[in-house]
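Just upload_29.pdb here, PDB, C-alpha atoms:
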```
ATOM      1  CA  MET A   1      -5.091  10.157 -12.035
ATOM      2  CA  PRO A   2      -4.236  10.798  -8.374
ATOM      3  CA  GLU A   3      -5.883   8.534  -5.796
ATOM      4  CA  LYS A   4      -6.852   9.612  -2.285
ATOM      5  CA  PHE A   5      -5.391   7.254   0.343
ATOM      6  CA  GLY A   6      -6.139   8.420   3.860
ATOM      7  CA  ARG A   7      -4.442  11.770   4.329
ATOM      8  CA  TYR A   8      -2.188  11.146   1.315
ATOM      9  CA  GLU A   9      -2.744  11.689  -2.387
ATOM     10  CA  LEU A  10      -1.081   8.949  -4.450
ATOM     11  CA  LEU A  11       0.333  10.700  -7.513
ATOM     12  CA  SER A  12       2.055   7.946  -9.495
ATOM     13  CA  LEU A  13       3.138   4.334  -9.169
ATOM     14  CA  ILE A  14       6.912   4.072  -8.683
ATOM     15  CA  GLY A  15       7.112   0.299  -8.587
ATOM     16  CA  ARG A  16       5.663  -2.959  -7.400
ATOM     17  CA  GLY A  17       7.568  -5.608  -5.466
ATOM     18  CA  GLY A  18       6.827  -9.007  -4.032
ATOM     19  CA  MET A  19       4.541  -7.818  -1.258
ATOM     20  CA  ALA A  20       4.002  -4.081  -1.711
ATOM     21  CA  GLU A  21       3.650  -1.230  -4.148
ATOM     22  CA  LEU A  22       5.361   2.149  -3.955
ATOM     23  CA  TYR A  23       3.699   5.431  -4.865
ATOM     24  CA  ARG A  24       5.010   8.944  -5.179
ATOM     25  CA  ALA A  25       2.571  10.771  -2.924
ATOM     26  CA  ARG A  26       1.665  14.177  -1.584
ATOM     27  CA  LEU A  27       0.745  15.125   1.953
ATOM     28  CA  GLU A  28      -1.047  18.427   2.331
ATOM     29  CA  VAL A  29      -0.891  20.180   5.676
ATOM     30  CA  PRO A  30      -2.394  23.484   6.863
ATOM     31  CA  ALA A  31      -1.600  26.784   5.160
ATOM     32  CA  GLY A  32      -1.163  25.162   1.742
ATOM     33  CA  VAL A  33       2.106  23.457   2.641
ATOM     34  CA  GLU A  34       2.748  20.091   1.006
ATOM     35  CA  LYS A  35       5.355  17.362   1.229
ATOM     36  CA  ILE A  36       6.212  14.871  -1.504
ATOM     37  CA  LEU A  37       6.981  11.436  -0.148
ATOM     38  CA  VAL A  38       6.609   7.735  -0.873
ATOM     39  CA  VAL A  39       3.737   5.573   0.318
ATOM     40  CA  LYS A  40       4.557   1.884   0.433
ATOM     41  CA  ARG A  41       1.394  -0.116   0.817
ATOM     42  CA  ILE A  42       0.931  -3.838   1.120
ATOM     43  CA  LEU A  43      -0.601  -5.463  -1.959
ATOM     44  CA  PRO A  44      -4.307  -6.313  -1.567
ATOM     45  CA  THR A  45      -3.617 -10.012  -2.164
ATOM     46  CA  PHE A  46      -1.434 -10.071   0.973
ATOM     47  CA  SER A  47      -3.458  -7.787   3.258
ATOM     48  CA  SER A  48      -5.152 -10.750   4.957
ATOM     49  CA  ASP A  49      -2.093 -13.045   5.015
ATOM     50  CA  PRO A  50      -0.815 -13.132   8.626
ATOM     51  CA  GLU A  51       2.796 -13.931   7.583
ATOM     52  CA  PHE A  52       3.032 -10.969   5.196
ATOM     53  CA  LEU A  53       1.345  -8.669   7.703
ATOM     54  CA  ARG A  54       3.862  -9.783  10.337
ATOM     55  CA  MET A  55       6.732  -9.014   7.943
ATOM     56  CA  PHE A  56       5.311  -5.588   7.090
ATOM     57  CA  VAL A  57       4.783  -4.728  10.760
ATOM     58  CA  ASN A  58       8.334  -5.938  11.452
ATOM     59  CA  GLU A  59       9.660  -3.616   8.733
ATOM     60  CA  ALA A  60       7.815  -0.712  10.378
ATOM     61  CA  LYS A  61       9.184  -1.578  13.838
ATOM     62  CA  ILE A  62      12.721  -1.728  12.475
ATOM     63  CA  ALA A  63      12.662   1.268  10.108
ATOM     64  CA  LEU A  64      10.625   3.864  12.029
ATOM     65  CA  PRO A  65      13.200   4.631  14.731
ATOM     66  CA  LEU A  66      16.166   4.812  12.331
ATOM     67  CA  THR A  67      17.435   8.355  11.749
ATOM     68  CA  HIS A  68      20.602   8.493   9.681
ATOM     69  CA  GLY A  69      21.602  10.464   6.600
ATOM     70  CA  ASN A  70      22.276   7.267   4.642
ATOM     71  CA  ILE A  71      19.000   5.493   5.450
ATOM     72  CA  THR A  72      15.664   6.408   3.888
ATOM     73  CA  ALA A  73      13.535   7.967   6.634
ATOM     74  CA  VAL A  74      10.205   6.342   7.498
ATOM     75  CA  PHE A  75       7.702   8.860   8.859
ATOM     76  CA  GLU A  76       4.571   6.838   9.528
ATOM     77  CA  PHE A  77       3.152   3.344   9.733
ATOM     78  CA  GLY A  78      -0.604   3.097   9.462
ATOM     79  CA  GLU A  79      -3.689   1.507   7.996
ATOM     80  CA  VAL A  80      -6.337   2.865   5.647
ATOM     81  CA  GLY A  81      -9.417   0.765   4.906
ATOM     82  CA  GLY A  82      -7.676  -2.463   5.918
ATOM     83  CA  THR A  83      -4.507  -1.707   3.911
ATOM     84  CA  TYR A  84      -1.279  -1.209   5.859
ATOM     85  CA  PHE A  85       1.265   1.329   4.655
ATOM     86  CA  LEU A  86       4.515   3.113   5.381
ATOM     87  CA  ALA A  87       5.043   6.786   4.536
ATOM     88  CA  MET A  88       8.695   7.363   3.667
ATOM     89  CA  GLU A  89      11.144   9.954   2.447
ATOM     90  CA  TYR A  90      11.047  10.536  -1.311
ATOM     91  CA  ILE A  91      14.490  10.368  -2.928
ATOM     92  CA  HIS A  92      14.558  12.242  -6.218
ATOM     93  CA  GLY A  93      16.950  10.053  -8.169
ATOM     94  CA  GLN A  94      17.560   6.452  -9.220
ATOM     95  CA  ASN A  95      18.509   3.203  -7.575
ATOM     96  CA  LEU A  96      22.011   1.882  -8.144
ATOM     97  CA  ASP A  97      20.728  -0.958 -10.321
ATOM     98  CA  ALA A  98      19.263   1.569 -12.797
ATOM     99  CA  VAL A  99      22.507   3.580 -12.765
ATOM    100  CA  LEU A 100      24.582   0.459 -13.458
ATOM    101  CA  ARG A 101      22.250  -0.619 -16.288
ATOM    102  CA  ARG A 102      22.626   2.813 -17.853
ATOM    103  CA  THR A 103      26.424   2.703 -17.665
ATOM    104  CA  ARG A 104      26.346  -0.704 -19.402
ATOM    105  CA  GLU A 105      23.998   0.611 -22.115
ATOM    106  CA  LEU A 106      26.386   3.499 -22.773
ATOM    107  CA  ALA A 107      29.454   1.249 -22.425
ATOM    108  CA  ILE A 108      30.883   3.678 -19.884
ATOM    109  CA  PRO A 109      32.357   2.152 -16.744
ATOM    110  CA  MET A 110      31.326   3.678 -13.448
ATOM    111  CA  PRO A 111      34.173   5.867 -12.215
ATOM    112  CA  ILE A 112      36.081   4.193  -9.379
ATOM    113  CA  GLU A 113      35.667   7.307  -7.227
ATOM    114  CA  ALA A 114      31.868   7.161  -7.622
ATOM    115  CA  ALA A 115      31.752   3.431  -6.805
ATOM    116  CA  LEU A 116      33.884   3.961  -3.700
ATOM    117  CA  PHE A 117      31.751   6.912  -2.604
ATOM    118  CA  ILE A 118      28.517   4.900  -2.968
ATOM    119  CA  ALA A 119      30.014   1.914  -1.119
ATOM    120  CA  SER A 120      31.262   4.180   1.663
ATOM    121  CA  GLU A 121      27.884   5.891   2.098
ATOM    122  CA  VAL A 122      26.019   2.569   2.165
ATOM    123  CA  ALA A 123      28.547   1.224   4.690
ATOM    124  CA  LYS A 124      27.824   4.227   6.933
ATOM    125  CA  GLY A 125      24.101   3.430   6.866
ATOM    126  CA  LEU A 126      24.708  -0.276   7.503
ATOM    127  CA  SER A 127      27.084   0.501  10.368
ATOM    128  CA  TYR A 128      24.493   2.796  11.957
ATOM    129  CA  ALA A 129      21.763   0.145  11.673
ATOM    130  CA  HIS A 130      23.981  -2.622  13.013
ATOM    131  CA  GLY A 131      25.040  -0.531  15.990
ATOM    132  CA  PHE A 132      21.610   1.057  16.568
ATOM    133  CA  THR A 133      20.687   1.853  20.144
ATOM    134  CA  SER A 134      16.986   2.241  20.965
ATOM    135  CA  PRO A 135      15.672   5.367  22.736
ATOM    136  CA  GLN A 136      15.567   3.173  25.868
ATOM    137  CA  GLY A 137      19.334   2.650  25.587
ATOM    138  CA  GLN A 138      19.201  -0.962  24.385
ATOM    139  CA  ARG A 139      21.528  -2.042  21.565
ATOM    140  CA  VAL A 140      19.378  -3.515  18.792
ATOM    141  CA  GLU A 141      21.815  -4.617  16.025
ATOM    142  CA  ILE A 142      19.738  -4.531  12.850
ATOM    143  CA  VAL A 143      20.975  -6.699   9.974
ATOM    144  CA  HIS A 144      19.584  -5.591   6.577
ATOM    145  CA  LEU A 145      19.628  -8.983   4.711
ATOM    146  CA  ASP A 146      18.900  -7.472   1.262
ATOM    147  CA  VAL A 147      21.935  -5.328   0.495
ATOM    148  CA  SER A 148      21.558  -5.109  -3.268
ATOM    149  CA  PRO A 149      21.824  -2.360  -5.927
ATOM    150  CA  GLN A 150      18.007  -2.065  -6.079
ATOM    151  CA  ASN A 151      18.044  -0.937  -2.426
ATOM    152  CA  PHE A 152      20.681   1.811  -2.800
ATOM    153  CA  LEU A 153      19.007   5.071  -3.790
ATOM    154  CA  ILE A 154      21.162   7.759  -5.362
ATOM    155  CA  SER A 155      19.660  11.218  -5.474
ATOM    156  CA  TYR A 156      20.355  13.574  -8.340
ATOM    157  CA  ASP A 157      22.175  15.846  -5.882
ATOM    158  CA  GLY A 158      24.604  13.065  -4.891
ATOM    159  CA  GLY A 159      23.049  11.650  -1.728
ATOM    160  CA  VAL A 160      23.137   7.884  -1.156
ATOM    161  CA  LYS A 161      20.485   6.135   0.942
ATOM    162  CA  LEU A 162      19.876   2.534   1.930
ATOM    163  CA  THR A 163      16.235   1.529   1.769
ATOM    164  CA  ASP A 164      13.878  -1.437   2.222
ATOM    165  CA  PHE A 165      14.277  -3.036   5.621
ATOM    166  CA  GLY A 166      11.458  -5.436   4.699
ATOM    167  CA  ILE A 167      13.449  -8.560   5.454
ATOM    168  CA  ALA A 168      15.861  -7.105   7.985
ATOM    169  CA  LYS A 169      16.557  -9.052  11.135
ATOM    170  CA  VAL A 170      17.054  -7.804  14.658
ATOM    171  CA  LYS A 171      19.872  -9.723  16.305
ATOM    172  CA  GLN A 172      18.121  -9.718  19.685
ATOM    173  CA  SER A 173      15.000 -11.130  18.038
ATOM    174  CA  THR A 174      13.795 -14.472  19.363
ATOM    175  CA  GLU A 175      11.704 -15.192  16.271
ATOM    176  CA  PRO A 176      12.776 -18.422  14.573
ATOM    177  CA  GLN A 177      14.047 -17.999  11.016
ATOM    178  CA  ARG A 178      14.819 -21.654  10.258
ATOM    179  CA  GLY A 179      14.331 -22.736   6.669
ATOM    180  CA  VAL A 180      13.350 -19.289   5.427
ATOM    181  CA  LEU A 181      15.424 -17.650   2.712
ATOM    182  CA  ARG A 182      14.440 -14.136   1.676
ATOM    183  CA  GLY A 183      15.995 -11.444  -0.479
ATOM    184  CA  LYS A 184      17.688 -11.683  -3.847
ATOM    185  CA  PRO A 185      19.942 -14.701  -4.453
ATOM    186  CA  SER A 186      22.456 -12.575  -6.398
TER     187      SER A 186
END
```
Take the structure in the file and write it out as structure tokens.
Amino acid sequence: MPEKFGRYELLSLIGRGGMAELYRARLEVPAGVEKILVVKRILPTFSSDPEFLRMFVNEAKIALPLTHGNITAVFEFGEVGGTYFLAMEYIHGQNLDAVLRRTRELAIPMPIEAALFIASEVAKGLSYAHGFTSPQGQRVEIVHLDVSPQNFLISYDGGVKLTDFGIAKVKQSTEPQRGVLRGKPS
């Protein structure tokens, strides 16, 4: 059953991670026009935790200005009833982890050409983020820190997008990161 969340209608749960849940959502605008997108909202158990809120706000600061064909677009950062969220581009497809699991189930190796194409597209997105220049002309140098198959989205029409800048780091950042390990160990 769809759930109203601010100006969005949450249609179905896509997944739940360590600090947030992802929903396929609909945004209705005037004249009956609608857009399907993803709403990533912080889990209720973390909505009052200052460290998780800081990380979520940091993700918004990093991801909102990024505009590249190989990075999932983030359209909005906001708050509804005390719950922070990001509204992002919906990619109709699968993540690379799901694709790789399916190839193993079928005992069919991924074609080398496909693997090279995916790697090349992800590298383009990473290169853009690492060399990002802010609208004010300042080089920002964003480092993703969670480059893993779960964060490569492959659309059914062949597009490849890097997603989830939740634990990304800005090289110019003065925030201490000592003793903190985030991401997937693999």
Self-check item: Polymer residues at most 7 Å from region 9-24 of chain A, all atoms listed in the file, same-chain spacing of 2 or more positions, as number ranges by chain
Solution: A: 2-5, 7, 26-27, 37-43, 46
Quiz prompt | Selected residue, from A:Met110, A:Val170, A:Ile62, A:Ala87, that lies nearest to Val74 (chain A) when counting all atoms listed in the file | solution =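 Nearest candidate to Val74 (chain A) out of A:Met110, A:Val170, A:Ile62, A:Ala87: A:Ala87.
When CA of Leu100 (chain A) is paired with CA of Ser127 (chain A), their separation reads 24.0 Å.
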Exercise. Considering all atoms listed in the file, state which residue in the set A:Ser148, A:Ile112, A:Thr103, A:Ile142 is at the smallest distance from Lys61 (chain A).
Key: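 For Lys61 (chain A), the nearest of the candidates is A:Ile142.
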Quiz item: With only C-alpha atoms as the atoms that count, which of A:Lys124, A:Ala31, A:Leu116, A:Asp164 lies nearest to Met55 (chain A)?
Solution: A:Asp164
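Near Glu141 (chain A), within 6 Å and counting only C-alpha atoms, sit His130, Gly131, Phe132, Val170 and Lys171 of chain A, not including residues fewer than 3 positions from it in the same chain.
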Quiz item: Mind pulling up the distance from CA of Gln94 (chain A) to CA of Asp157 (chain A)?
Solution: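 Between CA of Asp157 (chain A) and CA of Gln94 (chain A) the gap is 11.0 Å.
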Quiz prompt | Nearest-residue call for Leu126 (chain A), choices A:Leu162, A:Val57, A:Ile108, A:Val29, using all atoms listed in the file | solution =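 Using all atoms listed in the file, Leu126 (chain A) sits closest to A:Leu162.
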Practice problem: Could you tell me which residues the PyMOL selection byres ((chain A and resi 90) around 7) returns for this structure, as a PyMOL selection string? | Solution: chain A and resi 36-38+88-89+91-92
Quiz item: Using all atoms listed in the file, which residues sit within 8 Å of Ser47 (chain A) once same-chain residues fewer than 6 positions away are excluded, as a list in words?
Solution: Leu53, Gly82, Thr83 and Tyr84 of chain A
Quiz item: What is the distance between CA of Ile71 (chain A) and CA of Glu121 (chain A), in Å to one decimal?
Solution: 9.5 Å
